[in-house]
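Heads up, entry33.csv below (CSV, C-alpha atoms):
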chain,number,residue,atom,x,y,z
A,957,MET,CA,0.0,0.0,0.0
A,958,PRO,CA,1.3,3.5,-0.7
A,959,ARG,CA,2.2,6.1,1.9
A,960,ILE,CA,-1.0,8.0,2.8
A,961,GLU,CA,-1.1,11.7,3.7
A,962,ARG,CA,-4.3,13.4,4.8
A,963,THR,CA,-4.5,17.1,5.8
A,964,ALA,CA,-6.9,19.4,7.6
A,965,GLN,CA,-6.9,23.2,8.3
A,966,VAL,CA,-8.1,24.9,11.4
A,967,THR,CA,-8.8,28.6,12.0
A,968,TRP,CA,-9.3,30.2,15.3
A,969,GLU,CA,-10.6,33.8,16.0
A,970,GLY,CA,-10.6,35.5,19.3
A,971,ASN,CA,-9.6,34.6,22.9
A,972,VAL,CA,-9.9,31.1,24.2
A,973,ALA,CA,-13.1,31.5,26.3
A,974,ARG,CA,-15.3,33.4,23.8
A,975,GLY,CA,-13.5,32.8,20.5
A,976,ASN,CA,-14.4,30.3,17.9
A,977,GLY,CA,-12.6,27.7,15.8
A,978,SER,CA,-13.5,26.0,12.5
A,979,MET,CA,-12.1,22.9,10.9
A,980,THR,CA,-11.8,22.2,7.2
A,981,ALA,CA,-10.8,19.0,5.4
A,982,ALA,CA,-8.4,19.2,2.5
A,983,SER,CA,-10.6,16.5,0.7
A,984,GLY,CA,-13.5,19.0,0.8
A,985,ALA,CA,-15.7,16.5,2.7
A,986,PHE,CA,-16.3,19.1,5.4
A,987,THR,CA,-15.8,22.8,5.5
A,988,GLY,CA,-15.8,25.2,8.5
A,989,LEU,CA,-17.0,22.7,11.2
A,990,PRO,CA,-17.4,24.9,14.3
A,991,TYR,CA,-15.8,24.2,17.6
A,992,SER,CA,-15.2,26.2,20.8
A,993,LEU,CA,-14.0,25.8,24.4
A,994,PRO,CA,-17.4,25.9,26.0
A,995,ALA,CA,-18.8,23.4,23.5
A,996,ARG,CA,-15.8,21.1,24.0
A,997,ILE,CA,-16.0,20.9,27.8
A,998,GLY,CA,-19.8,21.6,28.3
A,999,ALA,CA,-23.0,21.4,26.3
A,1000,VAL,CA,-22.1,20.6,22.7
A,1001,ALA,CA,-24.5,23.1,21.2
A,1002,GLY,CA,-24.2,21.6,17.7
A,1003,LYS,CA,-20.5,22.0,17.6
A,1004,THR,CA,-17.9,19.3,17.1
A,1005,SER,CA,-14.6,18.8,19.0
A,1006,PRO,CA,-11.3,17.0,18.6
A,1007,GLU,CA,-12.7,14.2,20.8
A,1008,GLU,CA,-15.8,13.7,18.6
A,1009,LEU,CA,-13.6,13.6,15.5
A,1010,LEU,CA,-11.4,11.0,17.1
A,1011,ALA,CA,-14.6,9.0,17.9
A,1012,ALA,CA,-15.6,9.1,14.3
A,1013,ALA,CA,-12.1,8.2,13.1
A,1014,HIS,CA,-11.8,5.2,15.4
A,1015,ALA,CA,-15.3,4.0,14.6
A,1016,GLY,CA,-14.6,4.5,10.9
A,1017,CYS,CA,-11.3,2.6,10.9
A,1018,LEU,CA,-12.6,-0.3,12.9
A,1019,THR,CA,-15.8,-0.5,10.8
A,1020,MET,CA,-13.8,-0.7,7.6
A,1021,GLY,CA,-11.7,-3.5,9.3
A,1022,ILE,CA,-14.9,-5.4,10.2
A,1023,ALA,CA,-16.2,-5.0,6.6
A,1024,THR,CA,-12.8,-6.4,5.4
A,1025,GLU,CA,-13.1,-9.4,7.7
A,1026,LEU,CA,-16.7,-10.0,6.8
A,1027,THR,CA,-15.9,-9.7,3.1
A,1028,GLN,CA,-13.0,-12.2,3.4
A,1029,ALA,CA,-15.3,-14.6,5.2
A,1030,GLY,CA,-17.7,-14.5,2.2
A,1031,THR,CA,-20.4,-12.6,4.2
A,1032,PRO,CA,-20.0,-8.9,3.2
A,1033,PRO,CA,-22.2,-6.7,5.4
A,1034,GLU,CA,-25.5,-5.4,4.0
A,1035,ARG,CA,-25.4,-2.7,6.7
A,1036,LEU,CA,-23.2,-2.4,9.7
A,1037,GLU,CA,-23.6,0.2,12.5
A,1038,VAL,CA,-20.8,1.0,14.9
A,1039,SER,CA,-20.5,3.7,17.5
A,1040,CYS,CA,-17.6,5.0,19.4
A,1041,ARG,CA,-17.4,7.1,22.6
A,1042,ILE,CA,-14.1,8.9,23.4
A,1043,VAL,CA,-13.6,9.7,27.1
A,1044,MET,CA,-11.4,12.5,28.5
A,1045,ASP,CA,-10.8,12.6,32.2
A,1046,GLU,CA,-8.4,13.9,34.8
A,1047,VAL,CA,-5.2,11.8,35.1
A,1048,GLU,CA,-3.3,12.1,38.3
A,1049,GLY,CA,-0.7,14.8,37.8
A,1050,GLN,CA,-1.3,15.1,34.1
A,1051,GLY,CA,-4.5,17.1,33.7
A,1052,HIS,CA,-7.2,16.1,31.3
A,1053,GLN,CA,-6.2,13.4,28.9
A,1054,ILE,CA,-7.9,10.9,26.5
A,1055,VAL,CA,-8.4,7.9,28.7
A,1056,ALA,CA,-10.8,5.6,26.9
A,1057,SER,CA,-12.4,4.7,23.5
A,1058,GLN,CA,-15.6,2.6,23.9
A,1059,VAL,CA,-16.8,1.0,20.8
A,1060,THR,CA,-20.1,-0.7,20.2
A,1061,VAL,CA,-20.7,-3.2,17.4
A,1062,PRO,CA,-23.6,-5.3,16.4
A,1063,ALA,CA,-23.9,-8.7,18.2
A,1064,GLU,CA,-24.1,-10.5,14.8
A,1065,VAL,CA,-20.4,-9.8,14.2
A,1066,PRO,CA,-18.6,-13.0,15.1
A,1067,ALA,CA,-16.2,-12.6,18.1
A,1068,ASP,CA,-13.2,-14.1,16.4
A,1069,LEU,CA,-13.6,-11.9,13.3
A,1070,LEU,CA,-14.1,-8.8,15.5
A,1071,GLU,CA,-10.9,-9.6,17.4
A,1072,ARG,CA,-8.9,-9.8,14.1
A,1073,ALA,CA,-10.4,-6.5,12.9
A,1074,ASP,CA,-9.5,-4.8,16.2
A,1075,GLU,CA,-6.0,-6.2,16.2
A,1076,SER,CA,-5.2,-4.9,12.8
A,1077,CYS,CA,-7.0,-1.5,13.1
A,1078,PRO,CA,-4.4,1.2,13.0
A,1079,PHE,CA,-6.5,3.4,15.3
A,1080,SER,CA,-7.0,0.6,17.9
A,1081,ILE,CA,-3.3,0.0,17.8
A,1082,MET,CA,-2.4,3.7,18.1
A,1083,LEU,CA,-4.8,4.2,21.0
A,1084,ARG,CA,-3.6,1.2,22.9
A,1085,ASN,CA,0.0,2.1,22.3
A,1086,ALA,CA,-0.8,5.5,23.8
A,1087,GLY,CA,-2.2,3.8,27.0
A,1088,VAL,CA,-5.8,4.6,26.1
A,1089,GLU,CA,-8.3,1.9,27.2
A,1090,VAL,CA,-10.0,0.5,24.1
A,1091,THR,CA,-13.1,-1.6,24.8
A,1092,ILE,CA,-15.4,-3.2,22.3
A,1093,SER,CA,-18.9,-4.3,23.2
A,1094,ARG,CA,-21.2,-6.4,21.1
A,1095,THR,CA,-24.9,-5.4,21.5
B,206,MET,CA,-12.8,20.1,34.5
B,207,PRO,CA,-15.6,17.5,34.2
B,208,ARG,CA,-15.3,14.2,32.5
B,209,ILE,CA,-15.9,14.6,28.8
B,210,GLU,CA,-17.6,12.1,26.6
B,211,ARG,CA,-18.0,12.6,22.8
B,212,THR,CA,-19.6,10.1,20.5
B,213,ALA,CA,-19.9,9.4,16.7
B,214,GLN,CA,-21.7,6.7,14.7
B,215,VAL,CA,-20.5,5.0,11.6
B,216,THR,CA,-22.5,3.0,9.0
B,217,TRP,CA,-21.0,0.7,6.4
B,218,GLU,CA,-22.9,-0.9,3.5
B,219,GLY,CA,-21.5,-3.5,1.2
B,220,ASN,CA,-18.1,-5.3,0.8
B,221,VAL,CA,-14.9,-3.5,1.7
B,222,ALA,CA,-13.7,-2.7,-1.9
B,223,ARG,CA,-16.9,-1.3,-3.4
B,224,GLY,CA,-18.9,-0.5,-0.3
B,225,ASN,CA,-19.4,2.9,1.4
B,226,GLY,CA,-19.2,4.2,4.9
B,227,SER,CA,-20.6,7.3,6.5
B,228,MET,CA,-19.8,9.1,9.7
B,229,THR,CA,-22.2,11.1,11.9
B,230,ALA,CA,-21.4,13.2,15.0
B,231,ALA,CA,-23.7,12.9,18.0
B,232,SER,CA,-23.4,16.7,18.3
B,233,GLY,CA,-25.1,17.1,15.0
B,234,ALA,CA,-22.1,19.1,13.7
B,235,PHE,CA,-21.7,16.6,10.8
B,236,THR,CA,-24.0,14.0,9.3
B,237,GLY,CA,-23.3,11.2,6.8
B,238,LEU,CA,-19.7,12.2,6.0
B,239,PRO,CA,-18.7,9.7,3.3
B,240,TYR,CA,-15.6,7.5,3.3
B,241,SER,CA,-14.5,4.4,1.4
B,242,LEU,CA,-11.5,2.2,0.9
B,243,PRO,CA,-10.5,3.5,-2.5
B,244,ALA,CA,-10.8,7.1,-1.2
B,245,ARG,CA,-8.8,6.3,1.9
B,246,ILE,CA,-5.8,4.8,0.2
B,247,GLY,CA,-6.0,6.6,-3.2
B,248,ALA,CA,-7.6,9.7,-4.7
B,249,VAL,CA,-9.8,11.3,-2.0
B,250,ALA,CA,-12.6,12.1,-4.4
B,251,GLY,CA,-14.3,14.5,-1.9
B,252,LYS,CA,-14.5,11.9,0.8
B,253,THR,CA,-13.0,12.0,4.3
B,254,SER,CA,-11.1,9.3,6.1
B,255,PRO,CA,-10.1,8.4,9.7
B,256,GLU,CA,-6.7,9.9,9.0
B,257,GLU,CA,-8.2,13.3,7.8
B,258,LEU,CA,-10.4,13.4,10.9
B,259,LEU,CA,-7.4,12.8,13.1
B,260,ALA,CA,-5.6,15.7,11.3
B,261,ALA,CA,-8.5,18.0,12.1
B,262,ALA,CA,-8.6,16.7,15.7
B,263,HIS,CA,-4.9,17.3,16.3
B,264,ALA,CA,-4.9,20.7,14.6
B,265,GLY,CA,-8.1,21.7,16.5
B,266,CYS,CA,-6.7,20.7,19.9
B,267,LEU,CA,-3.3,22.4,19.4
B,268,THR,CA,-4.9,25.5,18.0
B,269,MET,CA,-7.1,25.9,21.0
B,270,GLY,CA,-4.0,25.4,23.2
B,271,ILE,CA,-2.2,28.1,21.3
B,272,ALA,CA,-5.2,30.4,21.7
B,273,THR,CA,-5.1,29.7,25.4
B,274,GLU,CA,-1.4,30.6,25.7
B,275,LEU,CA,-1.9,33.7,23.6
B,276,THR,CA,-4.9,34.8,25.7
B,277,GLN,CA,-2.9,34.2,28.9
B,278,ALA,CA,0.0,36.3,27.5
B,279,GLY,CA,-2.5,39.2,27.0
B,280,THR,CA,-2.4,38.8,23.2
B,281,PRO,CA,-5.5,36.8,22.1
B,282,PRO,CA,-5.3,35.9,18.4
B,283,GLU,CA,-7.4,37.9,15.9
B,284,ARG,CA,-7.0,35.0,13.5
B,285,LEU,CA,-4.8,31.9,13.7
B,286,GLU,CA,-4.4,29.4,11.0
B,287,VAL,CA,-3.0,25.9,11.7
B,288,SER,CA,-2.8,22.9,9.4
B,289,CYS,CA,-2.0,19.3,10.2
B,290,ARG,CA,-0.9,16.4,8.0
B,291,ILE,CA,-1.3,12.8,9.2
B,292,VAL,CA,1.0,10.3,7.6
B,293,MET,CA,0.3,6.5,7.4
B,294,ASP,CA,3.1,4.3,6.1
B,295,GLU,CA,4.4,0.8,6.2
B,296,VAL,CA,6.1,-0.1,9.5
B,297,GLU,CA,8.4,-3.2,9.4
B,298,GLY,CA,6.4,-6.2,10.3
B,299,GLN,CA,3.3,-4.3,11.4
B,300,GLY,CA,1.7,-3.2,8.2
B,301,HIS,CA,0.3,0.3,7.6
B,302,GLN,CA,0.3,2.4,10.7
B,303,ILE,CA,0.0,6.1,11.7
B,304,VAL,CA,3.6,7.2,11.8
B,305,ALA,CA,3.6,11.0,11.8
B,306,SER,CA,1.6,14.2,12.5
B,307,GLN,CA,3.1,17.2,10.9
B,308,VAL,CA,1.6,20.5,12.1
B,309,THR,CA,2.3,24.0,10.7
B,310,VAL,CA,1.6,27.1,12.7
B,311,PRO,CA,2.1,30.8,11.9
B,312,ALA,CA,5.7,32.2,12.4
B,313,GLU,CA,4.2,34.9,14.7
B,314,VAL,CA,3.4,32.4,17.4
B,315,PRO,CA,6.3,32.8,19.9
B,316,ALA,CA,8.4,29.6,20.1
B,317,ASP,CA,8.2,29.3,23.9
B,318,LEU,CA,4.4,29.7,24.0
B,319,LEU,CA,4.1,27.2,21.2
B,320,GLU,CA,6.2,24.7,23.1
B,321,ARG,CA,3.9,25.1,26.2
B,322,ALA,CA,0.8,24.6,24.0
B,323,ASP,CA,2.2,21.5,22.5
B,324,GLU,CA,3.3,20.0,25.8
B,325,SER,CA,-0.2,20.4,27.3
B,326,CYS,CA,-2.2,19.4,24.2
B,327,PRO,CA,-3.9,16.0,24.9
B,328,PHE,CA,-3.6,15.0,21.2
B,329,SER,CA,0.1,15.8,21.0
B,330,ILE,CA,0.5,13.8,24.2
B,331,MET,CA,-1.5,10.9,23.0
B,332,LEU,CA,0.2,10.7,19.6
B,333,ARG,CA,3.7,10.9,21.2
B,334,ASN,CA,2.8,8.3,23.8
B,335,ALA,CA,1.8,6.1,20.8
B,336,GLY,CA,5.2,6.5,19.2
B,337,VAL,CA,3.8,8.8,16.4
B,338,GLU,CA,6.4,11.4,15.4
B,339,VAL,CA,4.8,14.9,16.1
B,340,THR,CA,6.6,17.8,14.4
B,341,ILE,CA,5.6,21.4,14.5
B,342,SER,CA,6.9,23.9,12.0
B,343,ARG,CA,6.5,27.7,12.1
B,344,THR,CA,6.1,29.3,8.7

This structure in structure tokens:
Amino acid sequence: MPRIERTAQVTWEGNVARGNGSMTAASGAFTGLPYSLPARIGAVAGKTSPEELLAAAHAGCLTMGIATELTQAGTPPERLEVSCRIVMDEVEGQGHQIVASQVTVPAEVPADLLERADESCPFSIMLRNAGVEVTISRT
Amino acid sequence: MPRIERTAQVTWEGNVARGNGSMTAASGAFTGLPYSLPARIGAVAGKTSPEELLAAAHAGCLTMGIATELTQAGTPPERLEVSCRIVMDEVEGQGHQIVASQVTVPAEVPADLLERADESCPFSIMLRNAGVEVTISRT
């Protein structure tokens, strides 16, 4: 596989408490997604955050991995729904850090196949290497 | 600061090579962002990817950190533009992994202030803890 490079731009205007940021993807897939400090730590008010984007990234990566495994098993998914929750919390002496990624996948995904997808997912690998607790529930 | 939880949902339909995924933020900030295997590893074709979302997340986190430092220094930014490139590449014996996050910030941001923002940015910390090379250039 080739080297992959993906880029995004962020703009911030104003002070940290009352200012606003916006995020734009080089692909054009999203433009000017708003974020702010109050929305990051309090009520989301329709704004995204770095943590929400990481949740989408981890879920997206693992879902593609599950689709790969299902395809290789001869049972490509008609429709697969996966959610991911990123948790930030106080870590003793280190302030607020990303501490957990909690993924939920459909119960129909076989456990052995899910385990293979998780073990080869670059985001699961990166998060675990960083000491983030990755848990995957089947519901 | 309170515990923070942020969630996203992903849907995938079809096999891995020709199927399509879509990503939706629980905040409502984005809905049905498309992604696919060909767009992830080849031409982006207007689609996002887990890597692009991570680029936006890291840039977004660090930019807010820089805005915090500038505000505390009594010089809140009128407008600050930051970009981030996430690189995936082959790692010996481990397949394709996230290997680098390359951030570019304006030259006007003082170096000492930038260093403090980087050192306290949860995404810079997570990425470095995972062994990802984080570089920050001032241009």

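Between Thr236 of chain B and the residues A:Ala1012, A:Ile1092, A:Val1000, A:Ala964, the shortest atom-to-atom distance, using only C-alpha atoms, involves A:Ala1012.
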
Would you give me, as JSON lines, each residue of chain B having an atom within 6 Å of an atom of chain A, along with its shortest atom pair and that distance in Å to one decimal, using all atoms listed in the file and sorting by chain and residue number?
{"residue": "B:Arg208", "atom": "CA", "partner": "A:Asp1045", "partner_atom": "CA", "distance": 4.8}
{"residue": "B:Ile209", "atom": "CA", "partner": "A:Met1044", "partner_atom": "CA", "distance": 5.0}
{"residue": "B:Glu210", "atom": "CA", "partner": "A:Val1043", "partner_atom": "CA", "distance": 4.7}
{"residue": "B:Arg211", "atom": "CA", "partner": "A:Glu1008", "partner_atom": "CA", "distance": 4.9}
{"residue": "B:Thr212", "atom": "CA", "partner": "A:Arg1041", "partner_atom": "CA", "distance": 4.3}
{"residue": "B:Ala213", "atom": "CA", "partner": "A:Ala1012", "partner_atom": "CA", "distance": 4.9}
{"residue": "B:Gln214", "atom": "CA", "partner": "A:Ser1039", "partner_atom": "CA", "distance": 4.3}
{"residue": "B:Val215", "atom": "CA", "partner": "A:Val1038", "partner_atom": "CA", "distance": 5.2}
{"residue": "B:Thr216", "atom": "CA", "partner": "A:Glu1037", "partner_atom": "CA", "distance": 4.6}
{"residue": "B:Trp217", "atom": "CA", "partner": "A:Leu1036", "partner_atom": "CA", "distance": 5.0}
{"residue": "B:Glu218", "atom": "CA", "partner": "A:Arg1035", "partner_atom": "CA", "distance": 4.4}
{"residue": "B:Gly219", "atom": "CA", "partner": "A:Glu1034", "partner_atom": "CA", "distance": 5.2}
{"residue": "B:Asn220", "atom": "CA", "partner": "A:Pro1032", "partner_atom": "CA", "distance": 4.7}
{"residue": "B:Val221", "atom": "CA", "partner": "A:Thr1024", "partner_atom": "CA", "distance": 5.1}
{"residue": "B:Ser232", "atom": "CA", "partner": "A:Gly1002", "partner_atom": "CA", "distance": 5.0}
{"residue": "B:Gly233", "atom": "CA", "partner": "A:Gly1002", "partner_atom": "CA", "distance": 5.3}
{"residue": "B:Ala234", "atom": "CA", "partner": "A:Lys1003", "partner_atom": "CA", "distance": 5.1}
{"residue": "B:Val249", "atom": "CA", "partner": "A:Ser983", "partner_atom": "CA", "distance": 5.9}
{"residue": "B:Gly251", "atom": "CA", "partner": "A:Ser983", "partner_atom": "CA", "distance": 4.9}
{"residue": "B:Lys252", "atom": "CA", "partner": "A:Ala985", "partner_atom": "CA", "distance": 5.1}
{"residue": "B:Thr253", "atom": "CA", "partner": "A:Ala985", "partner_atom": "CA", "distance": 5.5}
{"residue": "B:Pro255", "atom": "CA", "partner": "A:Ala1013", "partner_atom": "CA", "distance": 3.9}
{"residue": "B:Glu256", "atom": "CA", "partner": "A:Arg962", "partner_atom": "CA", "distance": 6.0}
{"residue": "B:Glu257", "atom": "CA", "partner": "A:Arg962", "partner_atom": "CA", "distance": 4.9}
{"residue": "B:Leu258", "atom": "CA", "partner": "A:Leu1009", "partner_atom": "CA", "distance": 5.6}
{"residue": "B:Leu259", "atom": "CA", "partner": "A:Leu1010", "partner_atom": "CA", "distance": 5.9}
{"residue": "B:Ala260", "atom": "CA", "partner": "A:Ala964", "partner_atom": "CA", "distance": 5.4}
{"residue": "B:Ala261", "atom": "CA", "partner": "A:Ala964", "partner_atom": "CA", "distance": 5.0}
{"residue": "B:Ala262", "atom": "CA", "partner": "A:Pro1006", "partner_atom": "CA", "distance": 4.0}
{"residue": "B:Ala272", "atom": "CA", "partner": "A:Val972", "partner_atom": "CA", "distance": 5.4}
{"residue": "B:Thr273", "atom": "CA", "partner": "A:Val972", "partner_atom": "CA", "distance": 5.1}
{"residue": "B:Thr276", "atom": "CA", "partner": "A:Asn971", "partner_atom": "CA", "distance": 5.5}
{"residue": "B:Pro281", "atom": "CA", "partner": "A:Asn971", "partner_atom": "CA", "distance": 4.7}
{"residue": "B:Pro282", "atom": "CA", "partner": "A:Gly970", "partner_atom": "CA", "distance": 5.4}
{"residue": "B:Glu283", "atom": "CA", "partner": "A:Glu969", "partner_atom": "CA", "distance": 5.2}
{"residue": "B:Arg284", "atom": "CA", "partner": "A:Glu969", "partner_atom": "CA", "distance": 4.5}
{"residue": "B:Leu285", "atom": "CA", "partner": "A:Trp968", "partner_atom": "CA", "distance": 5.1}
{"residue": "B:Glu286", "atom": "CA", "partner": "A:Thr967", "partner_atom": "CA", "distance": 4.6}
{"residue": "B:Val287", "atom": "CA", "partner": "A:Val966", "partner_atom": "CA", "distance": 5.2}
{"residue": "B:Ser288", "atom": "CA", "partner": "A:Gln965", "partner_atom": "CA", "distance": 4.3}
{"residue": "B:Cys289", "atom": "CA", "partner": "A:Thr963", "partner_atom": "CA", "distance": 5.5}
{"residue": "B:Arg290", "atom": "CA", "partner": "A:Thr963", "partner_atom": "CA", "distance": 4.3}
{"residue": "B:Ile291", "atom": "CA", "partner": "A:Arg962", "partner_atom": "CA", "distance": 5.4}
{"residue": "B:Val292", "atom": "CA", "partner": "A:Glu961", "partner_atom": "CA", "distance": 4.6}
{"residue": "B:Met293", "atom": "CA", "partner": "A:Ile960", "partner_atom": "CA", "distance": 5.0}
{"residue": "B:Asp294", "atom": "CA", "partner": "A:Arg959", "partner_atom": "CA", "distance": 4.7}
{"residue": "B:Gln302", "atom": "CA", "partner": "A:Pro1078", "partner_atom": "CA", "distance": 5.4}
{"residue": "B:Pro327", "atom": "CA", "partner": "A:Gln1053", "partner_atom": "CA", "distance": 5.3}
{"residue": "B:Met331", "atom": "CA", "partner": "A:Ala1086", "partner_atom": "CA", "distance": 5.5}
{"residue": "B:Asn334", "atom": "CA", "partner": "A:Ala1086", "partner_atom": "CA", "distance": 4.6}
{"residue": "B:Ala335", "atom": "CA", "partner": "A:Ala1086", "partner_atom": "CA", "distance": 4.0}

- Message: Calculated over all atoms listed in the file, which of the candidates A:Arg974, A:Arg1094, A:Ala1029, A:Val1047 has the smallest distance to Glu1064 of chain A?
- Response: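 Among A:Arg974, A:Arg1094, A:Ala1029, A:Val1047, it is A:Arg1094 that comes nearest to Glu1064 of chain A.
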
- Message: If I take atom CA of Leu1069 of chain A and atom CA of Gly237 of chain B, how far is one from the other in Å, to one decimal?
- Response: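 Atom CA of Gly237 of chain B lies at a distance of 25.9 Å from atom CA of Leu1069 of chain A.
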
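Picture a line from atom CA of Ser1093 of chain A to atom CA of Val1061 of chain A; it runs 6.2 Å.
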
- Query: What does the distance between atom CA of Asp323 of chain B and atom CA of Pro994 of chain A come to in Å, to one decimal place?
  - Reply: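 Atom-to-atom, atom CA of Asp323 of chain B to atom CA of Pro994 of chain A, that is 20.4 Å.
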
Reconstruct segment 1077-1091 of chain A at the level of N, CA, C and O atoms, and format the result as a CSV table (one decimal), in the coordinates of the input.
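So the final result, stored in part.csv, reads:
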chain,number,residue,atom,x,y,z
A,1077,CYS,N,-6.5,-2.9,13.3
A,1077,CYS,CA,-7.0,-1.5,13.1
A,1077,CYS,C,-6.0,-0.5,13.6
A,1077,CYS,O,-5.6,-0.5,14.7
A,1078,PRO,N,-5.4,0.3,12.6
A,1078,PRO,CA,-4.4,1.2,13.0
A,1078,PRO,C,-4.8,2.2,14.2
A,1078,PRO,O,-4.0,2.6,15.0
A,1079,PHE,N,-6.1,2.5,14.2
A,1079,PHE,CA,-6.5,3.4,15.3
A,1079,PHE,C,-6.6,2.7,16.7
A,1079,PHE,O,-6.2,3.2,17.7
A,1080,SER,N,-7.1,1.4,16.7
A,1080,SER,CA,-7.0,0.6,17.9
A,1080,SER,C,-5.6,0.5,18.4
A,1080,SER,O,-5.3,0.6,19.6
A,1081,ILE,N,-4.7,0.2,17.4
A,1081,ILE,CA,-3.3,0.0,17.8
A,1081,ILE,C,-2.7,1.3,18.3
A,1081,ILE,O,-2.0,1.3,19.4
A,1082,MET,N,-2.9,2.4,17.6
A,1082,MET,CA,-2.4,3.7,18.1
A,1082,MET,C,-2.9,4.0,19.5
A,1082,MET,O,-2.1,4.4,20.4
A,1083,LEU,N,-4.2,3.9,19.7
A,1083,LEU,CA,-4.8,4.2,21.0
A,1083,LEU,C,-4.2,3.4,22.1
A,1083,LEU,O,-3.9,3.9,23.2
A,1084,ARG,N,-4.2,2.1,21.9
A,1084,ARG,CA,-3.6,1.2,22.9
A,1084,ARG,C,-2.1,1.5,23.2
A,1084,ARG,O,-1.7,1.5,24.3
A,1085,ASN,N,-1.4,1.8,22.1
A,1085,ASN,CA,0.0,2.1,22.3
A,1085,ASN,C,0.2,3.4,23.1
A,1085,ASN,O,1.2,3.6,23.8
A,1086,ALA,N,-0.8,4.3,23.1
A,1086,ALA,CA,-0.8,5.5,23.8
A,1086,ALA,C,-1.3,5.3,25.3
A,1086,ALA,O,-1.3,6.2,26.1
A,1087,GLY,N,-1.7,4.1,25.6
A,1087,GLY,CA,-2.2,3.8,27.0
A,1087,GLY,C,-3.7,4.1,27.1
A,1087,GLY,O,-4.2,4.2,28.3
A,1088,VAL,N,-4.4,4.4,26.0
A,1088,VAL,CA,-5.8,4.6,26.1
A,1088,VAL,C,-6.6,3.3,26.2
A,1088,VAL,O,-6.2,2.3,25.4
A,1089,GLU,N,-7.5,3.1,27.1
A,1089,GLU,CA,-8.3,1.9,27.2
A,1089,GLU,C,-9.3,1.7,26.1
A,1089,GLU,O,-10.2,2.5,26.0
A,1090,VAL,N,-9.1,0.7,25.2
A,1090,VAL,CA,-10.0,0.5,24.1
A,1090,VAL,C,-10.9,-0.7,24.5
A,1090,VAL,O,-10.4,-1.8,24.8
A,1091,THR,N,-12.2,-0.5,24.5
A,1091,THR,CA,-13.1,-1.6,24.8
A,1091,THR,C,-14.1,-1.7,23.7
A,1091,THR,O,-14.5,-0.7,23.1
